[in-house]
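**Q** File my_file.cif follows (mmCIF, C-alpha atoms and all ligand atoms):
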data_run
#
loop_
_atom_site.label_atom_id
_atom_site.label_comp_id
_atom_site.auth_asym_id
_atom_site.auth_seq_id
_atom_site.Cartn_x
_atom_site.Cartn_y
_atom_site.Cartn_z
CA MET A 1 5.41 -29.46 3.73
CA SER A 2 6.11 -29.26 0.00
CA THR A 3 6.87 -32.51 -1.77
CA PHE A 4 8.70 -30.39 -4.34
CA PRO A 5 10.95 -28.13 -2.24
CA ALA A 6 13.13 -25.39 -3.67
CA VAL A 7 16.89 -25.64 -3.18
CA LYS A 8 18.79 -22.63 -1.85
CA ILE A 9 21.81 -21.83 -3.99
CA THR A 10 22.74 -18.51 -2.31
CA ASP A 11 21.22 -16.51 0.54
CA ASN A 12 18.56 -15.07 -1.75
CA ILE A 13 18.45 -17.29 -4.83
CA TYR A 14 16.69 -20.64 -5.12
CA TRP A 15 16.61 -23.42 -7.69
CA VAL A 16 12.95 -23.98 -8.53
CA GLY A 17 13.25 -26.18 -11.61
CA ALA A 18 12.06 -29.67 -12.49
CA ILE A 19 13.72 -33.07 -12.81
CA ASP A 20 12.91 -35.14 -15.89
CA TRP A 21 14.05 -38.61 -14.88
CA THR A 22 12.68 -40.35 -17.98
CA ILE A 23 13.54 -38.29 -21.07
CA ARG A 24 15.72 -40.37 -23.39
CA ASP A 25 15.64 -38.32 -26.59
CA PHE A 26 16.33 -34.62 -26.89
CA HIS A 27 15.78 -33.74 -30.55
CA GLY A 28 17.86 -36.67 -31.74
CA TYR A 29 20.39 -36.72 -28.88
CA ARG A 30 20.07 -39.75 -26.61
CA THR A 31 19.82 -38.52 -23.03
CA GLY A 32 20.59 -41.73 -21.19
CA ARG A 33 20.55 -40.15 -17.74
CA GLY A 34 17.49 -37.89 -18.16
CA SER A 35 17.69 -34.13 -17.67
CA THR A 36 16.59 -31.19 -15.59
CA TYR A 37 14.94 -27.94 -16.61
CA ASN A 38 16.31 -25.36 -14.25
CA ALA A 39 14.52 -22.20 -13.19
CA TYR A 40 15.73 -19.84 -10.49
CA LEU A 41 13.93 -17.56 -8.09
CA VAL A 42 15.76 -14.33 -7.25
CA CYS A 43 14.28 -13.10 -3.97
CA ALA A 44 15.21 -9.43 -4.20
CA ASP A 45 12.88 -6.58 -3.23
CA ARG A 46 11.35 -7.17 -6.64
CA ILE A 47 11.12 -10.95 -6.93
CA THR A 48 12.22 -12.31 -10.30
CA LEU A 49 11.99 -15.74 -11.89
CA ILE A 50 14.82 -16.67 -14.26
CA ASP A 51 13.47 -18.94 -17.01
CA THR A 52 10.69 -21.49 -16.67
CA VAL A 53 10.47 -25.19 -17.52
CA LYS A 54 9.13 -27.54 -20.17
CA LYS A 55 5.33 -27.32 -20.20
CA PRO A 56 4.47 -30.70 -18.59
CA PHE A 57 6.72 -29.80 -15.63
CA CYS A 58 5.11 -26.44 -14.85
CA SER A 59 3.21 -27.65 -11.80
CA GLU A 60 6.45 -29.04 -10.33
CA MET A 61 8.14 -25.66 -10.78
CA MET A 62 5.17 -23.80 -9.29
CA ALA A 63 5.21 -26.12 -6.26
CA ARG A 64 8.91 -25.42 -5.72
CA ILE A 65 8.29 -21.67 -5.99
CA ALA A 66 5.39 -21.98 -3.54
CA SER A 67 7.73 -23.66 -1.04
CA VAL A 68 9.56 -20.29 -0.80
CA ILE A 69 6.99 -17.56 -1.55
CA ASP A 70 3.46 -17.08 -2.74
CA PRO A 71 4.00 -17.29 -6.55
CA GLU A 72 1.79 -14.21 -7.00
CA ARG A 73 4.58 -12.17 -5.40
CA ILE A 74 6.76 -12.65 -8.51
CA ASP A 75 7.20 -9.22 -10.09
CA SER A 76 9.06 -10.13 -13.25
CA ILE A 77 10.35 -13.03 -15.32
CA VAL A 78 13.58 -13.17 -17.30
CA SER A 79 13.52 -15.42 -20.35
CA ASN A 80 17.15 -16.20 -21.13
CA HIS A 81 16.21 -18.71 -23.82
CA SER A 82 12.96 -19.27 -25.69
CA GLU A 83 13.41 -22.94 -26.63
CA MET A 84 10.42 -24.95 -25.41
CA ASP A 85 12.30 -26.74 -22.63
CA HIS A 86 12.65 -23.32 -20.93
CA SER A 87 9.65 -21.38 -22.15
CA GLY A 88 6.96 -24.05 -22.52
CA GLY A 89 5.68 -23.26 -19.03
CA LEU A 90 5.84 -19.49 -19.52
CA PRO A 91 2.20 -18.85 -20.57
CA GLU A 92 0.95 -20.83 -17.56
CA VAL A 93 3.26 -18.94 -15.19
CA ILE A 94 2.21 -15.59 -16.64
CA ALA A 95 -1.44 -16.51 -16.18
CA ALA A 96 -0.82 -17.60 -12.59
CA VAL A 97 1.45 -14.82 -11.29
CA LYS A 98 0.60 -11.88 -13.60
CA PRO A 99 4.11 -10.40 -13.68
CA GLU A 100 4.63 -6.75 -14.56
CA ARG A 101 7.23 -7.62 -17.15
CA VAL A 102 8.94 -10.43 -18.99
CA TYR A 103 12.51 -9.52 -19.92
CA ALA A 104 13.99 -11.03 -23.08
CA SER A 105 16.43 -10.18 -25.86
CA VAL A 106 15.06 -8.67 -29.05
CA MET A 107 15.17 -12.10 -30.70
CA GLY A 108 13.64 -13.59 -27.55
CA GLN A 109 10.74 -11.16 -27.84
CA LYS A 110 10.23 -12.28 -31.43
CA ALA A 111 10.42 -16.01 -30.64
CA LEU A 112 8.18 -15.79 -27.55
CA ASN A 113 5.59 -13.78 -29.43
CA GLU A 114 5.67 -16.13 -32.39
CA HIS A 115 5.20 -19.10 -30.07
CA PHE A 116 2.81 -17.69 -27.48
CA GLY A 117 1.65 -14.19 -28.52
CA ILE A 118 2.75 -12.66 -25.21
CA GLY A 119 2.67 -9.12 -26.64
CA ASN A 120 3.42 -5.93 -24.69
CA LEU A 121 4.39 -7.74 -21.52
CA ILE A 122 7.83 -8.35 -22.99
CA HIS A 123 10.46 -5.72 -22.29
CA VAL A 124 13.52 -6.01 -24.53
CA VAL A 125 16.98 -5.93 -22.95
CA LYS A 126 20.35 -5.97 -24.69
CA SER A 127 23.97 -6.55 -23.72
CA GLY A 128 25.05 -4.17 -20.97
CA ASP A 129 21.52 -3.38 -19.78
CA ARG A 130 20.86 -3.62 -16.06
CA ILE A 131 17.64 -3.84 -14.12
CA ASP A 132 17.32 -2.72 -10.54
CA LEU A 133 15.45 -5.17 -8.32
CA GLY A 134 15.87 -2.98 -5.24
CA SER A 135 18.20 -5.08 -3.14
CA MET A 136 19.78 -6.73 -6.21
CA THR A 137 20.74 -5.98 -9.79
CA LEU A 138 20.55 -8.11 -12.91
CA GLU A 139 22.78 -7.49 -15.94
CA PHE A 140 22.45 -9.01 -19.40
CA LEU A 141 24.71 -10.32 -22.13
CA GLU A 142 23.27 -11.45 -25.45
CA THR A 143 24.76 -14.80 -26.54
CA ARG A 144 23.22 -15.18 -29.96
CA MET A 145 23.23 -18.78 -31.28
CA LEU A 146 24.31 -20.13 -27.90
CA HIS A 147 22.01 -21.94 -28.28
CA TRP A 148 19.40 -20.06 -30.35
CA PRO A 149 19.34 -16.51 -31.76
CA ASP A 150 17.43 -15.32 -28.69
CA SER A 151 19.82 -16.69 -26.07
CA MET A 152 21.29 -14.44 -23.40
CA PHE A 153 23.06 -14.66 -20.06
CA THR A 154 21.86 -12.91 -16.91
CA TYR A 155 24.21 -12.01 -14.05
CA CYS A 156 23.21 -11.16 -10.50
CA THR A 157 25.87 -8.69 -9.38
CA GLU A 158 25.33 -8.89 -5.63
CA GLU A 159 25.15 -12.69 -5.36
CA LYS A 160 27.70 -13.27 -8.17
CA VAL A 161 25.49 -15.81 -9.93
CA LEU A 162 25.71 -16.28 -13.70
CA PHE A 163 22.50 -17.68 -15.20
CA SER A 164 23.91 -19.22 -18.36
CA GLN A 165 20.85 -21.01 -19.85
CA ASP A 166 22.05 -23.89 -22.06
CA ALA A 167 25.77 -23.10 -21.76
CA PHE A 168 27.72 -25.03 -19.11
CA GLY A 169 24.76 -27.39 -18.77
CA MET A 170 24.28 -31.09 -19.28
CA HIS A 171 21.44 -33.54 -19.61
CA LEU A 172 21.67 -35.28 -16.26
CA ALA A 173 18.83 -36.00 -13.84
CA THR A 174 20.07 -36.28 -10.27
CA ALA A 175 18.70 -35.73 -6.79
CA GLU A 176 21.76 -33.56 -6.14
CA ARG A 177 21.66 -29.95 -7.30
CA PHE A 178 25.35 -29.07 -7.15
CA ALA A 179 28.09 -30.41 -9.41
CA ASP A 180 30.46 -30.97 -6.48
CA GLU A 181 28.00 -33.52 -5.06
CA ILE A 182 28.13 -35.72 -8.19
CA ASP A 183 30.70 -38.28 -9.41
CA PRO A 184 33.24 -36.22 -11.44
CA SER A 185 33.51 -38.93 -14.11
CA ILE A 186 29.76 -38.70 -14.78
CA LEU A 187 29.97 -34.90 -14.93
CA ALA A 188 32.91 -35.04 -17.35
CA TYR A 189 31.14 -37.51 -19.64
CA GLU A 190 27.75 -35.78 -19.64
CA ALA A 191 29.21 -32.27 -20.04
CA ALA A 192 31.27 -33.44 -23.03
CA THR A 193 28.33 -35.33 -24.56
CA TYR A 194 26.15 -32.24 -24.18
CA TYR A 195 28.77 -29.98 -25.76
CA ALA A 196 29.30 -32.41 -28.65
CA ASN A 197 25.59 -32.81 -29.36
CA ILE A 198 24.29 -29.30 -28.68
CA LEU A 199 27.04 -26.69 -28.83
CA LEU A 200 29.69 -28.06 -31.20
CA PRO A 201 28.43 -26.08 -34.25
CA TYR A 202 28.85 -22.85 -32.29
CA SER A 203 32.41 -23.44 -31.16
CA LYS A 204 33.78 -20.23 -32.70
CA LEU A 205 31.16 -18.25 -30.80
CA ILE A 206 32.13 -20.04 -27.61
CA THR A 207 35.75 -19.00 -28.08
CA LYS A 208 34.60 -15.39 -28.43
CA LEU A 209 32.27 -15.71 -25.47
CA ALA A 210 35.08 -17.05 -23.28
CA GLU A 211 37.16 -13.99 -24.21
CA THR A 212 34.24 -11.67 -23.48
CA LEU A 213 33.68 -13.25 -20.07
CA SER A 214 37.38 -13.15 -19.18
CA GLN A 215 37.47 -9.40 -19.91
CA SER A 216 34.15 -8.69 -18.21
CA THR A 217 33.54 -7.18 -14.78
CA TRP A 218 31.43 -10.24 -14.07
CA LYS A 219 33.23 -12.48 -11.60
CA PRO A 220 30.78 -15.33 -11.01
CA ALA A 221 31.09 -17.45 -7.90
CA ILE A 222 28.29 -19.68 -9.17
CA ILE A 223 27.26 -20.74 -12.66
CA ALA A 224 23.60 -21.71 -12.79
CA PRO A 225 22.75 -23.32 -16.15
CA ASP A 226 19.31 -24.39 -17.38
CA HIS A 227 20.18 -28.11 -17.45
CA GLY A 228 21.97 -30.33 -14.97
CA PRO A 229 23.78 -29.30 -11.80
CA VAL A 230 24.79 -25.86 -10.54
CA TRP A 231 28.53 -25.12 -10.49
CA ARG A 232 29.68 -23.53 -7.21
CA LYS A 233 33.27 -24.83 -6.94
CA ASP A 234 36.23 -24.80 -9.29
CA LEU A 235 34.42 -22.94 -12.09
CA GLY A 236 37.68 -22.77 -14.02
CA THR A 237 37.42 -26.49 -14.81
CA ILE A 238 34.16 -26.33 -16.77
CA ILE A 239 35.10 -23.00 -18.37
CA GLY A 240 38.49 -24.47 -19.32
CA ARG A 241 36.84 -27.54 -20.85
CA TYR A 242 34.59 -25.33 -22.98
CA THR A 243 37.57 -23.30 -24.11
CA GLU A 244 39.44 -26.48 -25.06
CA TRP A 245 36.50 -28.17 -26.82
CA ALA A 246 35.78 -25.00 -28.78
CA LEU A 247 39.28 -25.08 -30.30
CA GLN A 248 38.69 -28.60 -31.70
CA ARG A 249 42.35 -29.42 -31.82
CA SER A 250 43.34 -32.64 -33.57
CA SER A 251 44.28 -35.47 -31.26
CA ARG A 252 45.74 -38.91 -31.89
CA LYS A 253 42.34 -40.53 -31.99
CA ALA A 254 40.45 -41.92 -34.98
CA VAL A 255 36.75 -42.79 -35.10
CA ILE A 256 35.70 -45.44 -37.60
CA VAL A 257 31.95 -45.50 -38.09
CA TYR A 258 30.45 -48.03 -40.45
CA ASP A 259 27.55 -50.36 -41.05
CA THR A 260 27.48 -53.66 -42.85
CA MET A 261 25.06 -56.03 -44.60
CA TRP A 262 27.04 -59.26 -44.93
CA HIS A 263 30.16 -58.35 -42.92
CA SER A 264 32.21 -57.11 -45.92
CA THR A 265 32.32 -53.46 -44.85
CA GLU A 266 32.86 -54.67 -41.29
CA GLN A 267 35.96 -56.64 -42.35
CA MET A 268 37.26 -53.55 -44.13
CA ALA A 269 36.66 -51.42 -41.01
CA ARG A 270 38.56 -53.87 -38.83
CA ALA A 271 41.52 -54.03 -41.22
CA ILE A 272 41.63 -50.22 -41.41
CA ALA A 273 41.49 -50.05 -37.61
CA GLU A 274 44.44 -52.44 -37.33
CA GLY A 275 46.45 -50.24 -39.69
CA THR A 276 45.63 -47.03 -37.83
CA ALA A 277 46.27 -48.57 -34.42
CA SER A 278 49.63 -49.94 -35.65
CA ARG A 279 50.84 -46.30 -35.78
CA GLY A 280 50.03 -45.68 -32.12
CA VAL A 281 46.72 -43.92 -32.73
CA ASP A 282 43.74 -44.55 -30.44
CA VAL A 283 40.96 -46.11 -32.55
CA LYS A 284 37.24 -46.26 -31.78
CA ILE A 285 35.24 -48.61 -34.01
CA MET A 286 31.57 -47.69 -34.00
CA PRO A 287 29.08 -49.93 -35.86
CA ALA A 288 26.30 -47.49 -36.72
CA SER A 289 23.50 -49.97 -36.09
CA LEU A 290 24.81 -50.78 -32.61
CA VAL A 291 25.68 -47.32 -31.30
CA HIS A 292 23.67 -44.12 -31.10
CA ARG A 293 24.47 -41.11 -33.28
CA SER A 294 25.00 -39.02 -30.15
CA ASP A 295 27.67 -41.49 -28.96
CA VAL A 296 29.51 -40.98 -32.25
CA ALA A 297 29.28 -37.20 -31.74
CA TYR A 298 30.78 -37.64 -28.25
CA GLU A 299 33.73 -39.61 -29.65
CA ILE A 300 34.29 -37.08 -32.45
CA LEU A 301 34.63 -34.22 -29.95
CA ASP A 302 38.29 -34.99 -29.22
CA ALA A 303 39.14 -37.04 -32.34
CA GLY A 304 41.41 -36.02 -35.20
CA ALA A 305 40.14 -38.46 -37.83
CA LEU A 306 36.78 -39.70 -39.04
CA LEU A 307 36.64 -42.74 -41.30
CA ALA A 308 33.25 -43.78 -42.62
CA GLY A 309 32.18 -46.97 -44.38
CA SER A 310 28.91 -48.06 -45.91
CA PRO A 311 27.64 -50.84 -48.13
CA THR A 312 25.42 -49.85 -51.04
CA LEU A 313 21.74 -50.58 -50.46
CA ASN A 314 19.34 -49.88 -53.33
CA ASN A 315 21.79 -47.40 -54.91
CA ASN A 316 22.21 -45.54 -51.63
CA LEU A 317 24.02 -45.29 -48.35
CA PHE A 318 22.97 -47.77 -45.71
CA PRO A 319 20.20 -46.03 -43.70
CA SER A 320 22.09 -46.08 -40.39
CA MET A 321 25.08 -44.42 -42.08
CA ALA A 322 22.87 -41.79 -43.71
CA ASP A 323 21.52 -41.07 -40.23
CA VAL A 324 24.83 -40.71 -38.43
CA LEU A 325 26.58 -38.78 -41.23
CA THR A 326 23.64 -36.37 -41.60
CA TYR A 327 23.70 -35.79 -37.84
CA LEU A 328 27.47 -35.23 -37.76
CA LYS A 329 27.29 -32.88 -40.75
CA GLY A 330 24.88 -30.70 -38.81
CA LEU A 331 27.28 -30.55 -35.86
CA GLN A 332 30.02 -29.16 -38.13
CA PRO A 333 33.09 -30.79 -36.54
CA GLN A 334 36.32 -29.03 -37.56
CA ASN A 335 39.90 -30.02 -38.34
CA LEU A 336 39.26 -33.68 -39.18
CA ILE A 337 41.10 -35.86 -41.63
CA GLY A 338 39.52 -39.08 -42.85
CA ALA A 339 38.69 -41.65 -45.46
CA ALA A 340 35.71 -43.36 -47.10
CA PHE A 341 35.23 -47.04 -47.76
CA GLY A 342 32.54 -49.62 -48.38
CA SER A 343 31.38 -52.69 -50.24
CA TYR A 344 28.89 -53.24 -53.04
CA GLY A 345 27.39 -55.88 -55.31
CA TRP A 346 26.78 -54.13 -58.63
CA SER A 347 26.05 -50.40 -58.69
CA GLY A 348 28.28 -49.24 -55.78
CA GLU A 349 27.09 -45.67 -55.13
CA SER A 350 27.64 -45.66 -51.37
CA VAL A 351 31.37 -44.89 -51.23
CA LYS A 352 30.93 -41.84 -53.43
CA GLN A 353 28.06 -40.73 -51.21
CA VAL A 354 30.18 -41.19 -48.08
CA GLU A 355 32.89 -39.07 -49.74
CA GLU A 356 30.32 -36.36 -50.46
CA MET A 357 29.15 -36.33 -46.86
CA LEU A 358 32.72 -36.13 -45.57
CA ALA A 359 33.47 -33.34 -48.06
CA ALA A 360 30.41 -31.45 -46.80
CA MET A 361 31.97 -31.71 -43.32
CA LYS A 362 35.28 -30.43 -44.72
CA VAL A 363 36.97 -33.68 -43.67
CA SER A 364 40.29 -33.79 -45.49
CA LEU A 365 40.57 -37.18 -47.25
CA VAL A 366 43.98 -38.71 -46.73
CA ALA A 367 43.89 -41.31 -49.51
CA GLU A 368 41.77 -42.64 -52.31
CA SER A 369 38.55 -44.23 -51.09
CA LEU A 370 38.24 -48.01 -51.08
CA ALA A 371 35.26 -49.70 -52.74
CA CYS A 372 35.11 -53.47 -52.49
CA LEU A 373 33.11 -55.73 -54.82
CA TYR A 374 31.11 -58.23 -52.71
CA ALA A 375 33.66 -59.46 -50.14
CA PRO A 376 37.22 -58.34 -49.42
CA ASP A 377 40.00 -60.73 -50.42
CA GLN A 378 43.48 -60.63 -48.90
CA ASN A 379 44.59 -57.99 -51.39
CA MET A 380 41.68 -55.70 -50.42
CA LEU A 381 42.26 -56.26 -46.71
CA GLU A 382 45.91 -55.25 -47.17
CA LYS A 383 44.75 -52.10 -48.97
CA CYS A 384 42.46 -51.38 -46.01
CA PHE A 385 45.34 -51.86 -43.57
CA SER A 386 47.47 -49.49 -45.67
CA LEU A 387 44.66 -46.91 -45.68
CA GLY A 388 44.57 -47.14 -41.89
CA VAL A 389 48.33 -46.64 -41.75
CA ALA A 390 48.10 -43.59 -44.02
CA VAL A 391 45.43 -42.02 -41.81
CA GLY A 392 47.46 -42.79 -38.68
CA ASP A 393 50.66 -41.29 -40.12
CA GLU A 394 48.90 -38.14 -41.32
CA LEU A 395 47.20 -37.70 -37.98
CA ILE A 396 50.46 -37.99 -36.09
CA LYS A 397 52.08 -35.51 -38.47
CA ARG A 398 49.27 -33.00 -37.83
CA CYS A 399 49.31 -33.49 -34.09
CA ASP A 400 53.08 -33.02 -33.96
CA ALA A 401 53.08 -29.95 -36.24
FE1 LIG B 1 17.76 -26.25 -23.28
FE2 LIG B 1 18.30 -24.71 -26.32
O1 LIG B 1 17.32 -25.45 -24.91
#
Could you render the structure from this file as structure tokens?
**A**
Amino acid sequence: MSTFPAVKITDNIYWVGAIDWTIRDFHGYRTGRGSTYNAYLVCADRITLIDTVKKPFCSEMMARIASVIDPERIDSIVSNHSEMDHSGGLPEVIAAVKPERVYASVMGQKALNEHFGIGNLIHVVKSGDRIDLGSMTLEFLETRMLHWPDSMFTYCTEEKVLFSQDAFGMHLATAERFADEIDPSILAYEAATYYANILLPYSKLITKLAETLSQSTWKPAIIAPDHGPVWRKDLGTIIGRYTEWALQRSSRKAVIVYDTMWHSTEQMARAIAEGTASRGVDVKIMPASLVHRSDVAYEILDAGALLAGSPTLNNNLFPSMADVLTYLKGLQPQNLIGAAFGSYGWSGESVKQVEEMLAAMKVSLVAESLACLYAPDQNMLEKCFSLGVAVGDELIKRCDA
């Protein structure tokens, strides 16, 4: 009996991945519920493994494969994505099973060779290519930059399974393998957090991909991503969420992220929040030293406004604000309005630096920034409240337009 059994997802396809219960950081994104690295065994006449797992989990994957077949019977491997969480185990698998071919996109070939020097074993496939496995067929669609330049989807025509690598995934370690076995509120939260922290910069590509899939002959009954659970019911829900997130429409929600040294910037943030909320806008106040950058990214996903405040520390932004704003800038959120604010003692560079970071994110500033010397008096707090009102009014105007 295998202590790491495979899980059947169709008559001839098995999940043979690994569960990472303890990972809490995925290149800067806090993964509070762990993750999975999914690999799939397609048991056609010519047996094919779709993706592998992160290197330390290779023995777990091999044990799951061995619970179905002798791993040496694997004829080929498809590498849908060359990032290390899916290819780290590839050299070990190649050494163990000696496949005839590894299929990858042209950029996948480049990345895998640069990482591992796999050489002639790699056979390049492109969008529209098909490979005949005897009793089954695999088709390919390149999905460049979703998530890396090498990324591609693979579709099993006969079993109607779409292997979507990072797309439609989430960082969620569970004993259950299917989404319909998991609390929907956890799925909704983790799918949104994953989109916000991994896929947000590629939203325009996701819109195009959704169009491509809707016009394709592919009619998946199952979506099998490389992280988190497999989708076998109500696929329209997760596809619809991606379509909606990718549009990044403004909503009546403002995120105020700030940090504070002696509570001055904090008082400003609270007065701004009161002003914004007074217009009927949902406000999330996020003290940067008390929340994680990936939580801010999650809240930004459906927000229409980003307001950022920082005290000046040694002529600079407060470190926690530099962290969160740098992270958000990389995620390239779209269609945001906002404002900058902060306190200072003498030099006061931080507010200008917050403005520059917001400008780099193309956040449209609603009003003049507020810089407060030492501690806000009543006059300054009223200015903060008015700034909040201005942001709220502009947001409502945009949402109603
Ligand atoms: Fe799950 Fe882009 O790697």
**Q** Measuring atom to atom with all atoms listed in the file, identify which of A:Thr157, A:Gln267, A:Thr31, A:Asn197 is nearest to Pro220 (chain A).
**A**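 Answer, going by the shortest atom-to-atom distance: A:Thr157.
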**Q** Could you state the separation of CA of Leu306 (chain A) and CA of Ser289 (chain A) in Å, given to one decimal place?
**A**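 The value is 17.0 Å.
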**Q** Give the residues close to ligand LIG 1 (chain B), within 6 Å, counting only C-alpha atoms and all ligand atoms; write them as a PyMOL selection string.
**A** chain A and resi 83+85+147+166
**Q** Let me make sure I understand: among A:Leu328, A:Val391, A:Ala196, A:Leu146, which one has the smallest atom-to-atom distance to Lys362 (chain A) if we use all atoms listed in the file?
**A** A:Leu328
**Q** Mind pulling up the distance from CA of Thr237 (chain A) to CA of Lys160 (chain A)?
**A**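 CA of Thr237 (chain A) lies at a distance of 17.7 Å from CA of Lys160 (chain A).
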**Q** Which one is closest to Thr36 (chain A): A:Ala277, A:Leu172, A:Met145, A:Met107? Count all atoms listed in the file.
**A** A:Leu172
**Q** Excluding same-chain residues fewer than 3 positions from Gly28 (chain A), what lies within 9 Å of it counting all atoms listed in the file, as a list in words?
**A**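 What passes the distance filter is Asp25, Asn197, Arg293, Ser294 and Tyr327 of chain A.
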**Q** Please compute the CA of Met268 (chain A)-CA of Ser251 (chain A) distance, one decimal, in Å.
**A**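 We find that CA of Met268 (chain A) and CA of Ser251 (chain A) lie 23.3 Å from each other.
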**Q** Set the distance at 7 Å and use only C-alpha atoms: which residues neighbour region 207-210 of chain A once local chain neighbours fewer than 3 positions away are removed? I'd like the list as a list of chain:residue names.
**A**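 My list of contacting residues is A:Ser203, A:Lys204, A:Leu213, A:Ser214, A:Thr243, A:Ala246.
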**Q** Which is closer to Ala271 (chain A) than all the others in A:Asp132, A:Glu299, A:Asp377, A:Asp45, using only C-alpha atoms?
**A**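 Of A:Asp132, A:Glu299, A:Asp377, A:Asp45, the one nearest Ala271 (chain A) is A:Asp377, counting only C-alpha atoms.
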**Q** Hey, which bits of region 201-302 of chain A sit within 12 Å of region 77-80 of chain A, and for each residue what's the closest pair of atoms and how far apart in Å (one decimal), counting all atoms listed in the file, rows by chain and increasing number, as a tab-separated table?
**A**
residue	atom	partner	partner_atom	distance
A:Ala224	CA	A:Asn80	CA	11.9
A:Pro225	CA	A:Asn80	CA	10.3
A:Asp226	CA	A:Asn80	CA	9.3
**Q** Kindly provide, as a list in words, the polymer residues lying within 6 Å of (24.7, -18.8, -5.4), counting only C-alpha atoms and using the coordinates exactly as they appear in the file.
**A**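 Residues found, by chain and rising number: Ile9, Thr10, Val161 and Ile222 of chain A.
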**Q** Give me the residues near Lys55 (chain A) as a VMD selection string, where near means some atom within 8 Å (using all atoms listed in the file) and where sequence neighbours in that chain fewer than 2 positions away do not count.
**A** chain A and resid 53 57 to 58 84 to 85 87 to 90
